[in-house]
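This is data.cif. It holds mmCIF, C-alpha atoms.
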data_my_file
#
loop_
_atom_site.label_atom_id
_atom_site.label_comp_id
_atom_site.auth_asym_id
_atom_site.auth_seq_id
_atom_site.Cartn_x
_atom_site.Cartn_y
_atom_site.Cartn_z
CA MET A 9 0.00 0.00 0.00
CA LEU A 10 2.82 2.38 0.84
CA ARG A 11 4.57 1.77 -2.50
CA ILE A 12 1.28 2.35 -4.40
CA ALA A 13 0.70 5.58 -2.49
CA LEU A 14 4.16 6.84 -3.41
CA PHE A 15 3.60 6.54 -7.18
CA PRO A 16 1.42 9.69 -7.49
CA ILE A 17 3.94 11.66 -5.41
CA ARG A 18 6.80 10.57 -7.64
CA ALA A 19 4.81 11.40 -10.78
CA ASN A 20 4.02 14.87 -9.46
CA LEU A 21 7.66 15.48 -8.59
CA ILE A 22 8.72 14.51 -12.12
CA LEU A 23 6.05 16.80 -13.59
CA VAL A 24 7.16 19.72 -11.43
CA THR A 25 10.79 19.11 -12.39
CA GLN A 26 9.96 19.02 -16.09
CA LYS A 27 7.96 22.23 -15.86
CA PHE A 28 10.87 23.93 -14.09
CA GLU A 29 13.29 22.72 -16.79
CA ILE A 30 11.03 24.00 -19.58
CA ALA A 31 10.64 27.35 -17.82
CA TRP A 32 14.43 27.57 -17.52
CA TRP A 33 14.78 26.82 -21.25
CA ASP A 34 12.32 29.63 -22.05
CA ALA A 35 14.07 32.06 -19.72
CA LYS A 36 17.53 31.24 -21.06
CA GLY A 37 16.48 31.56 -24.71
CA THR A 38 14.73 34.85 -24.03
CA ALA A 39 17.69 36.20 -22.06
CA VAL A 40 20.16 35.30 -24.83
CA ALA A 41 17.96 37.02 -27.42
CA LEU A 42 17.61 40.17 -25.30
CA VAL A 43 21.36 40.30 -24.67
CA VAL A 44 22.11 40.12 -28.40
CA VAL A 45 19.57 42.84 -29.25
CA SER A 46 20.74 45.06 -26.37
CA LEU A 47 24.42 44.72 -27.24
CA TRP A 48 23.65 45.60 -30.87
CA ALA A 49 21.68 48.70 -29.86
CA VAL A 50 24.20 49.95 -27.31
CA SER A 51 27.14 49.33 -29.62
CA LEU A 52 25.46 51.03 -32.57
CA GLY A 53 24.43 54.02 -30.49
CA GLY A 54 27.94 54.52 -29.17
CA LEU A 55 29.55 54.15 -32.59
CA LEU A 56 27.15 56.50 -34.37
CA THR A 57 27.55 59.27 -31.82
CA GLY A 58 31.24 58.79 -31.10
CA PRO A 59 34.31 59.97 -33.01
CA LEU A 60 35.32 58.28 -36.24
CA THR A 61 38.93 57.19 -35.75
CA ALA A 62 41.15 54.41 -37.01
CA TRP A 63 40.68 52.62 -33.68
CA THR A 64 36.88 52.81 -33.70
CA ILE A 65 36.82 51.58 -37.31
CA LEU A 66 39.18 48.66 -36.68
CA VAL A 67 37.26 47.54 -33.60
CA GLY A 68 33.77 48.86 -34.25
CA VAL A 69 33.15 47.45 -37.73
CA PRO A 70 33.94 43.80 -36.86
CA VAL A 71 32.03 44.02 -33.57
CA GLN A 72 28.99 45.61 -35.15
CA THR A 73 29.09 43.11 -38.04
CA PHE A 74 29.15 40.26 -35.53
CA LEU A 75 26.19 41.75 -33.64
CA TYR A 76 24.25 42.26 -36.86
CA THR A 77 24.80 38.58 -37.58
CA GLY A 78 23.56 37.85 -34.07
CA LEU A 79 20.31 39.65 -34.80
CA PHE A 80 19.63 37.39 -37.77
CA ILE A 81 20.64 34.24 -35.89
CA THR A 82 18.24 35.24 -33.10
CA ALA A 83 15.44 35.69 -35.62
CA HIS A 84 16.36 32.39 -37.23
CA ASP A 85 16.00 30.58 -33.91
CA ALA A 86 12.64 32.30 -33.41
CA MET A 87 11.52 30.88 -36.78
CA HIS A 88 12.12 27.45 -35.27
CA GLY A 89 10.35 28.46 -32.06
CA THR A 90 13.45 27.93 -29.94
CA VAL A 91 13.83 31.41 -28.42
CA ALA A 92 10.84 30.97 -26.11
CA PRO A 93 9.21 27.61 -26.94
CA SER A 94 6.43 27.87 -24.36
CA TRP A 95 5.64 31.48 -25.20
CA PRO A 96 4.92 31.61 -28.95
CA ARG A 97 3.84 35.25 -28.92
CA LEU A 98 7.01 36.34 -27.15
CA ASN A 99 9.02 34.10 -29.46
CA SER A 100 7.48 35.71 -32.56
CA PHE A 101 7.83 39.21 -31.11
CA LEU A 102 11.56 38.76 -30.46
CA GLY A 103 12.02 37.25 -33.91
CA SER A 104 10.15 40.12 -35.55
CA LEU A 105 12.11 42.66 -33.52
CA ALA A 106 15.46 41.14 -34.46
CA LEU A 107 14.56 40.92 -38.17
CA GLY A 108 13.20 44.45 -38.21
CA LEU A 109 16.36 45.83 -36.64
CA TYR A 110 18.47 43.75 -38.99
CA ALA A 111 17.01 44.95 -42.29
CA LEU A 112 13.23 45.47 -42.03
CA PHE A 113 12.52 41.85 -42.98
CA SER A 114 9.06 40.35 -42.51
CA PHE A 115 9.26 37.61 -39.88
CA ARG A 116 6.14 35.89 -41.23
CA LYS A 117 7.40 35.76 -44.84
CA LEU A 118 10.90 34.69 -43.90
CA ARG A 119 9.57 31.94 -41.67
CA VAL A 120 7.62 30.52 -44.62
CA SER A 121 10.71 30.65 -46.84
CA HIS A 122 12.89 29.07 -44.18
CA SER A 123 10.38 26.27 -43.73
CA ALA A 124 10.64 25.60 -47.46
CA HIS A 125 14.43 25.49 -47.14
CA HIS A 126 14.22 22.80 -44.48
CA SER A 127 11.57 20.86 -46.40
CA HIS A 128 13.45 20.88 -49.72
CA PRO A 129 17.16 21.43 -48.96
CA GLY A 130 19.34 21.62 -52.03
CA GLU A 131 16.45 21.32 -54.51
CA VAL A 132 16.68 23.82 -57.35
CA GLY A 133 13.41 25.71 -57.64
CA SER A 134 12.05 24.45 -54.31
CA ASP A 135 14.72 25.54 -51.83
CA PRO A 136 14.70 29.38 -51.75
CA ASP A 137 18.19 29.43 -50.20
CA PHE A 138 19.77 27.18 -52.81
CA ASN A 139 21.33 28.37 -56.05
CA ASP A 140 19.22 28.56 -59.21
CA GLY A 141 21.25 25.90 -60.99
CA LYS A 142 23.05 28.51 -63.11
CA HIS A 143 24.89 30.60 -60.53
CA GLN A 144 26.70 28.02 -58.41
CA GLY A 145 29.78 30.11 -57.64
CA PHE A 146 29.96 32.22 -54.51
CA TRP A 147 29.20 35.69 -55.90
CA GLY A 148 26.57 34.55 -58.41
CA TRP A 149 24.77 32.51 -55.76
CA TYR A 150 25.09 35.33 -53.23
CA GLY A 151 23.68 37.87 -55.69
CA SER A 152 20.65 35.75 -56.56
CA PHE A 153 20.21 35.02 -52.86
CA LEU A 154 19.98 38.74 -52.03
CA LEU A 155 17.67 39.52 -54.94
CA ARG A 156 15.34 36.76 -53.77
CA TYR A 157 15.00 38.18 -50.26
CA VAL A 158 15.56 41.95 -50.41
CA GLY A 159 12.65 43.92 -51.84
CA PHE A 160 12.17 47.44 -53.20
CA TRP A 161 10.15 48.80 -50.27
CA GLN A 162 12.64 47.29 -47.86
CA ILE A 163 15.40 49.37 -49.49
CA VAL A 164 13.17 52.46 -49.39
CA GLY A 165 12.55 51.91 -45.69
CA MET A 166 16.25 51.55 -44.89
CA ALA A 167 17.01 54.69 -46.91
CA LEU A 168 14.36 56.54 -44.91
CA ILE A 169 15.93 55.39 -41.64
CA PHE A 170 19.35 56.53 -42.88
CA ASN A 171 17.96 60.02 -43.62
CA ILE A 172 16.20 60.22 -40.26
CA PHE A 173 19.46 59.47 -38.48
CA GLU A 174 21.25 62.06 -40.59
CA HIS A 175 18.75 64.93 -40.59
CA VAL A 176 16.75 64.42 -37.40
CA PHE A 177 19.39 63.02 -35.04
CA GLN A 178 22.29 64.83 -36.76
CA VAL A 179 24.44 61.72 -37.09
CA ALA A 180 27.42 62.18 -39.39
CA VAL A 181 27.09 60.51 -42.79
CA ALA A 182 30.54 58.94 -42.43
CA ASN A 183 29.51 57.27 -39.15
CA LEU A 184 26.30 55.99 -40.73
CA LEU A 185 28.15 54.50 -43.69
CA VAL A 186 30.92 52.92 -41.60
CA PHE A 187 28.91 51.61 -38.64
CA LEU A 188 25.39 51.15 -40.01
CA VAL A 189 25.63 50.33 -43.72
CA ILE A 190 28.93 48.45 -43.99
CA PRO A 191 28.41 46.07 -41.02
CA SER A 192 24.90 45.17 -42.15
CA LEU A 193 26.15 44.37 -45.66
CA VAL A 194 29.20 42.43 -44.44
CA SER A 195 27.00 40.40 -42.11
CA THR A 196 24.95 39.21 -45.10
CA ILE A 197 28.17 37.85 -46.60
CA GLN A 198 29.10 36.23 -43.28
CA LEU A 199 25.69 34.59 -42.94
CA PHE A 200 25.62 33.45 -46.54
CA TYR A 201 29.18 32.10 -46.59
CA PHE A 202 29.12 30.16 -43.31
CA GLY A 203 25.39 29.37 -43.16
CA THR A 204 24.45 28.63 -46.77
CA TYR A 205 27.32 28.44 -49.23
CA LEU A 206 29.79 26.27 -47.32
CA PRO A 207 27.17 23.89 -45.85
CA HIS A 208 25.09 23.35 -48.99
CA ARG A 209 27.43 23.64 -51.97
CA GLY A 210 28.51 20.58 -53.92
CA THR A 211 27.22 17.04 -53.55
CA HIS A 212 26.06 15.39 -50.34
CA ILE A 213 25.12 11.91 -49.20
CA ASN A 214 22.56 12.95 -46.58
CA ARG A 215 18.93 13.96 -46.97
CA HIS A 216 19.62 17.49 -45.76
CA HIS A 217 22.09 18.22 -48.56
CA ALA A 218 24.29 19.77 -45.88
CA ARG A 219 27.61 19.45 -44.11
CA SER A 220 29.15 20.92 -40.97
CA ASN A 221 32.51 22.58 -40.59
CA ALA A 222 35.19 21.18 -38.30
CA TYR A 223 35.80 24.37 -36.32
CA GLY A 224 36.26 24.30 -32.59
CA THR A 225 33.61 25.85 -30.37
CA LEU A 226 35.21 29.32 -30.10
CA VAL A 227 35.95 29.67 -33.82
CA SER A 228 32.51 28.31 -34.64
CA PHE A 229 30.93 30.97 -32.42
CA LEU A 230 33.02 33.81 -33.82
CA THR A 231 32.44 32.87 -37.45
CA CYS A 232 28.65 32.59 -37.32
CA TYR A 233 27.19 31.70 -33.92
CA HIS A 234 27.72 27.96 -34.57
CA PHE A 235 25.63 28.19 -37.76
CA GLY A 236 28.46 26.30 -39.43
CA TYR A 237 27.36 23.20 -37.50
CA HIS A 238 24.75 23.08 -40.19
CA LEU A 239 24.13 19.38 -40.55
CA GLU A 240 23.35 19.22 -36.84
CA HIS A 241 21.00 22.17 -37.23
CA HIS A 242 19.08 20.39 -39.99
CA GLU A 243 19.02 17.15 -38.06
CA TYR A 244 17.91 18.80 -34.82
CA PRO A 245 16.14 22.08 -35.72
CA TRP A 246 14.68 22.34 -32.20
CA VAL A 247 18.17 23.02 -30.81
CA PRO A 248 19.01 26.76 -30.49
CA TRP A 249 22.32 28.14 -31.72
CA TRP A 250 23.91 28.28 -28.28
CA HIS A 251 23.28 24.53 -27.75
CA LEU A 252 24.55 23.33 -31.15
CA PRO A 253 28.11 22.52 -29.93
CA THR A 254 26.63 20.16 -27.33
CA ALA A 255 24.31 18.63 -29.91
CA ARG A 256 27.27 18.13 -32.24
CA ARG A 257 29.37 16.40 -29.58
CA GLN A 258 26.48 14.17 -28.56
CA ALA A 259 25.61 13.32 -32.15
CA ILE A 260 29.17 12.12 -32.71
CA ASN A 261 29.17 10.14 -29.45
CA LEU A 262 25.76 8.60 -30.10
CA GLU A 263 26.28 7.51 -33.70
CA HIS A 264 26.62 3.89 -32.59
CA LEU A 265 23.15 4.01 -31.02
CA GLY A 266 21.42 4.55 -34.32
CA LYS A 267 19.81 7.68 -35.67
CA SER A 268 16.34 7.39 -34.13
CA LYS A 269 17.64 6.75 -30.62
CA ALA A 270 20.25 9.50 -30.96
CA GLU A 271 17.50 11.94 -31.95
CA ARG A 272 15.46 11.06 -28.88
CA VAL A 273 18.44 11.48 -26.57
CA LEU A 274 19.43 14.81 -28.12
CA HIS A 275 15.85 16.09 -27.99
CA ARG A 276 15.61 15.20 -24.33
CA GLN A 277 19.01 16.78 -23.60
CA SER A 278 17.97 20.01 -25.33
CA GLU A 279 14.88 20.17 -23.14
CA LEU A 280 16.97 19.78 -20.00
CA SER A 281 19.59 22.42 -20.79
#

Take the structure in the file and write it out as C-alpha cells.
Amino acid sequence: MLRIALFPIRANLILVTQKFEIAWWDAKGTAVALVVVSLWAVSLGGLLTGPLTAWTILVGVPVQTFLYTGLFITAHDAMHGTVAPSWPRLNSFLGSLALGLYALFSFRKLRVSHSAHHSHPGEVGSDPDFNDGKHQGFWGWYGSFLLRYVGFWQIVGMALIFNIFEHVFQVAVANLLVFLVIPSLVSTIQLFYFGTYLPHRGTHINRHHARSNAYGTLVSFLTCYHFGYHLEHHEYPWVPWWHLPTARRQAINLEHLGKSKAERVLHRQSELS
C-alpha cells in the first residue's frame, strides 16, 4: 500500500521538475535574445555618436558586423520556435524585432521561406536558399540570394531610416556609412558564406544536402554563432544556436546508437539544458 501511495507523489515530482526545466529553457532563450539585441543597440548608439577614428573603425566594424549577424541568428531561432518555446507570442515578437532591426525583414514571410528550405534542402526551384542551378559560384549565388530576399520597399525603408538618423538626429554621414551600412552588408556575406554556401554547396550523401565545418567551439561561435554546424542544425532544428556545440558532440558520441535513438536522446538533452 505504501509503494502504491508513493507513485502519485513521484509522478508529481517529475512533472514539477519538467515544468521547471522547460521554464528555464524559455528564460535562457529569451535572455540570450535580449542580450544580443541590447548589445547591438548599445554598440550602434555609441559608434554612431562617437568619433570616427582608425581605432573605432578597426574595432567597431567587426564588432557591429558580428552583432548584426547575431540579430539574424536570433530571428532564425525564433523561426524554429526555440527562443521561447512555451511562449509563442514572445518568441514571434523577439524574432520580428530582431529581423526588423536587422534589415526590415518580414518575420512571417521569412519563416515561410525558411520552412521551405528545411523541407526541400538543395532542390533547385524548391529551396529558396539554394542556387538557381546557373549561378553556383559564390558571388553569383550570393547575388541571386539577395535579390530573392531583399525587396524594393525594404530598401526604401532603410534609406528613410538613414535620412532620419542624418537629418533628425544629426548623425554624421561617415559614421552611418561605416557603422550602419557596412556592417549590415558584411553580415549578409558572413551569414551566406558560413550558413548557406559552405554547408550546402557541392554534392552530399545525406537527406539534408548539408555538411558541418570542423571548427572548434570558439571559432565556430566567432564565425557565425555555430551556424556552421549546419548538418546538426538540420538534423535537430529544435536546438538553439547556443546549444549546437553540445548537440554536435552528442551526435558524434551517439552515432553507434542509431539515428532514431540518438535523436530522442538529443531532444531530451535540449529540453533539460

I need the residue nearest Val158 of chain A from this list: A:His128, A:Ser114, A:Asp140, A:Ser51. Use all atoms listed in the file for the distance.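 Smallest separation from Val158 of chain A among the options: A:Ser114.
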
Using all atoms listed in the file, the best pick from A:Val227, A:Met87, A:Ile197, A:Val186 as closest to Val67 of chain A would be A:Val186

Nearest to Gly145 of chain A among A:Trp95, A:Thr57, A:Arg209, A:Ala124, with distances taken over all atoms listed in the file: which residue is it? A:Arg209

Contacts of Gly148 of chain A at 12 Å or less, counting all atoms listed in the file, minus same-chain residues fewer than 6 places along, as a list in words? Phe138, Asn139, Asp140, Gly141, Lys142, Leu154, Leu155, Phe200 and Tyr205 of chain A

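The two atoms in question, atom CA of Ile169 of chain A and atom CA of Ala39 of chain A, are spaced 27.5 Å apart.
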